[in-house]
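Asker: Sharing a structure with you now.
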Amino acid sequence: MTDALLEIHAAVKRFGDHEVLKGIDLDIAEHEVVCLIGASGSGKSTLLRCINGLLPLDGGSIVVDGTTVSQYEAELNFLRREVGLVFQSFNLFPHMTVLKNVMLAPRKVLGVPRAEAAERAHELLERIGLWEKRDEYPDRLSGGQQQRVAIVRALAMRPKLMLLDEITSALDPELVSSVLELVRELAVEGMTMMLATHEMSFAREVADRVCFLDAGVIAEMGPPEQMFTAPKNPRTAEFLKRIIAAGRL
Amino acid sequence: MQTEAPARRDPLVGPAFGFAIAGFCVPIALFSGVAIVLGRRAERRIVASRGTVSGLDRARRAQRLGQIGVAIGIVVLVALFIATRWESLKTLRLVFFQWPDITGSFDTVFEGFLIDVRLFIYAEAVVLVWGMVVALFRIMPGTASTPLRWFAAVYIDVFRGVPAIVTIALVGFGLPIAGVNLPALPFESDSLFTYGVLALALVYGAYVAEVYRAGIESVHWSQTAASRSLGLSWGQTMGSVVVPQAVRRVIPPLLNDFIGLQKDAALITTIGILEGYGRARIFANANFSYAPFIVLACLYLVITIPMTRLTEWLVRRDRDRMQAGA
């Protein structure tokens, strides 16, 4: 069909009576970086979780690299090797050292031998400057360090697509830049990414396309320059105005 | 006069009782009063000095004074109690603390107690694994595992609800008669022992399964989400991520249940295993002395108290290792 890595078609998700996603259509090509912006509760996180299969869809379809996201365990586990998800709250495993956190999934899911997994983890931790912290437990790291470990934990699976769910929202302002720097590098290297973010200036810099989600639908989508300077939808304009008023752009 | 009141007892409430209460309260009131006054003054001084050290020493001294008052009160109370009830205490000593009875019964009680120890070690090893199996059955997702969930729920309801002594009777007397023959365990000669282990494991497996389940459910779902998003299956997520965290959290209630199990080991005396309690009772009945029960009680404490302290120490060490600022 298309050369899109991710195809979302008429995706619907309900929580009880509340319809969170009301028919989302979105294709993402390989090496593309798409930023999801929108108010809290507009469905950004829900959409990312549906792509990863953590939440089942109530309608429509999501296809990742030719595989439809279903609810069959085996298929999902296979899909998740290709799709990395990073959370707002890091969610590192507190009972494992940094090194074990990074090595766990390749060892368990891909069956990579210990030495090889350790080598890959070394590479990744070296890259984020945390190799010295390999034997520390996550609770002893700063938020910024934890989030960078969480990102490389996902990268250790060599995913084709990375989903980043407001990964800087829980961080102190001075720790944000180190995490964004890593994401910027990934973008330059050509990683396909979908980010839900409130960091508008970062979205503007790193995104190929910006997607404004409003009450469960894509209200507007376009290149960042156009979205941030000349939004066509009045709701986008209003949202950006509020963001600017809050000093986030 | 003596024939009139052959079983005269000291009245509980009498002049001695009044003395004791006074001896307890007066020093406490006195010292505390002084301590409060001193404390107030120290406080004023601290406020006046705007938080610099002046006055802190006085505050500490006042606190110490309060402690001394309470300590003196307790010592006076105990001393008065012993002084006024000396006669009754002698009877008490005769019944419970006859030294010849303690030394005389020690060997047989200790030998029996070792049977209890072997029994609860076997049972605890089984329960540790079996409880987790049941807990995982209980929370297993998916329609295919519905029968397992049901099995676990019914098992827990039944064996938590039935008194341990009844389960022990059913297993220990009932199963052999019903033709269920269990072999003797390694290092054991008596196959009856196996039924005892089975009964205790059945009862405490139900408790421990619920403790494990509470632990598993206390691990935040975001941990599961993170693990599943990396591609780990449900089983892998449980094994590597959720259960290791859950078990750490439930060690204190787990220890609780294990101490319960150890104490209930004595119940297998009812199916004819002559363990610690059984032997203590035989000695007690033969000698009209309850010293062997004191021996047995002490033997239990010698096991449970160090076990508790050791567990607390292990938990603290593990936590300090993982948490910041240690």
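Each chain in the structure tokens gets a letter, A, B and so on, in the order shown; residues start at 1 in every chain, and ligands are counted from 1 in the order they appear.
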Please determine the contact residues of chain A with respect to chain B at a cut-off of 9 Å, counting only C-alpha atoms, and supply them as a short mmCIF file (atom, residue, chain, number, x, y, z; two decimals) with C-alpha atoms, in the first residue's frame.
Answerer:
data_model
loop_
_atom_site.label_atom_id
_atom_site.label_comp_id
_atom_site.auth_asym_id
_atom_site.auth_seq_id
_atom_site.Cartn_x
_atom_site.Cartn_y
_atom_site.Cartn_z
CA ARG A 49 -0.71 3.49 24.25
CA ASN A 52 1.82 -0.04 21.51
CA GLY A 53 -1.17 -2.29 22.18
CA LEU A 54 -1.25 -1.45 25.89
CA GLU A 73 -0.59 -11.94 23.12
CA ALA A 74 1.94 -13.50 20.81
CA LEU A 76 1.51 -8.06 20.52
CA ASN A 77 4.75 -9.25 22.07
CA PHE A 78 6.20 -9.42 18.59
CA LEU A 79 4.91 -5.95 17.70
CA ARG A 80 6.34 -4.43 20.86
CA ARG A 81 9.86 -5.44 19.86
CA GLU A 82 9.53 -2.93 17.04
CA VAL A 83 7.88 -0.17 19.02
CA GLY A 84 9.61 1.46 21.98
CA LEU A 85 7.53 3.40 24.48
CA VAL A 86 8.93 5.89 26.99
CA PHE A 87 6.73 7.15 29.80
CA SER A 89 7.11 8.80 34.89
CA PHE A 90 10.18 6.85 33.59
CA ASN A 91 8.94 3.56 35.06
CA LEU A 92 12.39 2.08 35.48
CA PHE A 93 12.45 -1.17 37.43
CA PRO A 94 13.47 -0.07 40.94
CA HIS A 95 14.79 -3.46 42.04
CA MET A 96 17.32 -3.72 39.20
CA THR A 97 20.52 -1.83 38.59
CA LEU A 104 16.41 -7.17 30.64
CA ALA A 105 14.30 -6.95 27.49
CA PRO A 106 16.97 -8.01 24.97
CA LYS A 108 14.29 -12.09 27.90
CA VAL A 109 12.48 -11.16 24.72
CA GLU A 136 23.36 2.06 40.78
CA TYR A 137 19.67 1.54 41.42
CA PRO A 138 17.29 3.92 39.60
CA ASP A 139 16.09 5.68 42.77
CA ARG A 140 19.59 7.02 43.26
CA LEU A 141 19.63 8.82 39.90
CA ARG A 153 16.22 0.81 27.75
CA ALA A 154 13.74 1.11 24.90
CA MET A 157 15.50 -3.46 21.62
#
Asker: Could you pull out all residues of segment 167-225 of chain A with a DSSP call of alpha helix (DSSP H) and give them as a list in words?
Answerer: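 Across segment 167-225 of chain A, those assigned alpha helix (DSSP H) are Pro173, Glu174, Leu175, Val176, Ser177, Ser178, Val179, Leu180, Glu181, Leu182, Val183, Arg184, Glu185, Leu186, Ala187, Val188, Glu189, Met200, Ser201, Phe202, Ala203, Arg204, Glu205, Val206, Pro224 and Glu225 of chain A.
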Asker: Keeping C-alpha atoms for every residue in the selection just given, could you write it to a file as a PDB file, in the first residue's frame?
Answerer:
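Writing the result to selection-v4.pdb gives the following:
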ATOM      1  CA  PRO A 173      13.351  22.484  34.317  1.00  0.00           C
ATOM      2  CA  GLU A 174      17.143  22.277  34.566  1.00  0.00           C
ATOM      3  CA  LEU A 175      17.063  18.535  33.796  1.00  0.00           C
ATOM      4  CA  VAL A 176      14.894  18.817  30.686  1.00  0.00           C
ATOM      5  CA  SER A 177      17.641  19.819  28.262  1.00  0.00           C
ATOM      6  CA  SER A 178      19.742  16.679  28.775  1.00  0.00           C
ATOM      7  CA  VAL A 179      16.764  14.498  27.829  1.00  0.00           C
ATOM      8  CA  LEU A 180      15.760  16.649  24.851  1.00  0.00           C
ATOM      9  CA  GLU A 181      19.357  16.607  23.616  1.00  0.00           C
ATOM     10  CA  LEU A 182      19.197  12.815  23.430  1.00  0.00           C
ATOM     11  CA  VAL A 183      15.901  12.923  21.522  1.00  0.00           C
ATOM     12  CA  ARG A 184      17.366  15.503  19.157  1.00  0.00           C
ATOM     13  CA  GLU A 185      20.275  13.153  18.426  1.00  0.00           C
ATOM     14  CA  LEU A 186      17.892  10.307  17.724  1.00  0.00           C
ATOM     15  CA  ALA A 187      15.969  12.510  15.296  1.00  0.00           C
ATOM     16  CA  VAL A 188      19.174  13.411  13.477  1.00  0.00           C
ATOM     17  CA  GLU A 189      20.079   9.736  13.224  1.00  0.00           C
ATOM     18  CA  MET A 200       6.540  23.708  21.993  1.00  0.00           C
ATOM     19  CA  SER A 201       9.884  25.183  21.062  1.00  0.00           C
ATOM     20  CA  PHE A 202      11.361  21.704  21.004  1.00  0.00           C
ATOM     21  CA  ALA A 203       8.481  20.439  18.870  1.00  0.00           C
ATOM     22  CA  ARG A 204       9.032  23.288  16.500  1.00  0.00           C
ATOM     23  CA  GLU A 205      12.728  22.472  16.220  1.00  0.00           C
ATOM     24  CA  VAL A 206      12.676  18.698  15.962  1.00  0.00           C
ATOM     25  CA  PRO A 224       5.890  23.138  12.422  1.00  0.00           C
ATOM     26  CA  GLU A 225       6.541  26.570  10.891  1.00  0.00           C
TER      27      GLU A 225
END
Asker: Between atom CA of Glu111 of chain B and atom CA of Ala284 of chain B, what is the spacing in Å?
Answerer: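 Answer for the atom CA of Ala284 of chain B to atom CA of Glu111 of chain B separation: 15.9 Å.
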Asker: Quick one: residues within 7 Å of segment 193-199 of chain B, only C-alpha atoms counted, chain neighbours fewer than 6 positions away excluded, as a ChimeraX atom specification?
Answerer: /B:119,122-123,167-168,171-172,182,184-185,268
Asker: For Gly66 of chain A, find every residue with an atom within 12 Å (counting only C-alpha atoms), except residues of its own chain fewer than 3 positions away, and show them as a PyMOL selection string.
Answerer: chain A and resi 1-8+61-63+69+79+82
Asker: Please write the residues from the selection above to a file, keeping C-alpha atoms, as a PDB file, in the first residue's frame.
Answerer:
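Result saved to result-v1.pdb:
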ATOM      1  CA  MET A   1       0.000   0.000   0.000  1.00  0.00           C
ATOM      2  CA  THR A   2       1.966   2.922   1.247  1.00  0.00           C
ATOM      3  CA  ASP A   3       5.518   3.188   2.470  1.00  0.00           C
ATOM      4  CA  ALA A   4       4.267   4.386   5.839  1.00  0.00           C
ATOM      5  CA  LEU A   5       5.839   2.716   8.895  1.00  0.00           C
ATOM      6  CA  LEU A   6       2.763   3.497  10.961  1.00  0.00           C
ATOM      7  CA  GLU A   7      -0.769   3.723   9.625  1.00  0.00           C
ATOM      8  CA  ILE A   8      -3.592   4.775  11.891  1.00  0.00           C
ATOM      9  CA  SER A  61      -7.079  -0.018  12.939  1.00  0.00           C
ATOM     10  CA  ILE A  62      -3.427   0.615  13.593  1.00  0.00           C
ATOM     11  CA  VAL A  63      -0.788  -0.992  11.391  1.00  0.00           C
ATOM     12  CA  VAL A  69      -2.074  -4.180  16.200  1.00  0.00           C
ATOM     13  CA  LEU A  79       4.914  -5.951  17.701  1.00  0.00           C
ATOM     14  CA  GLU A  82       9.533  -2.934  17.039  1.00  0.00           C
TER      15      GLU A  82
END
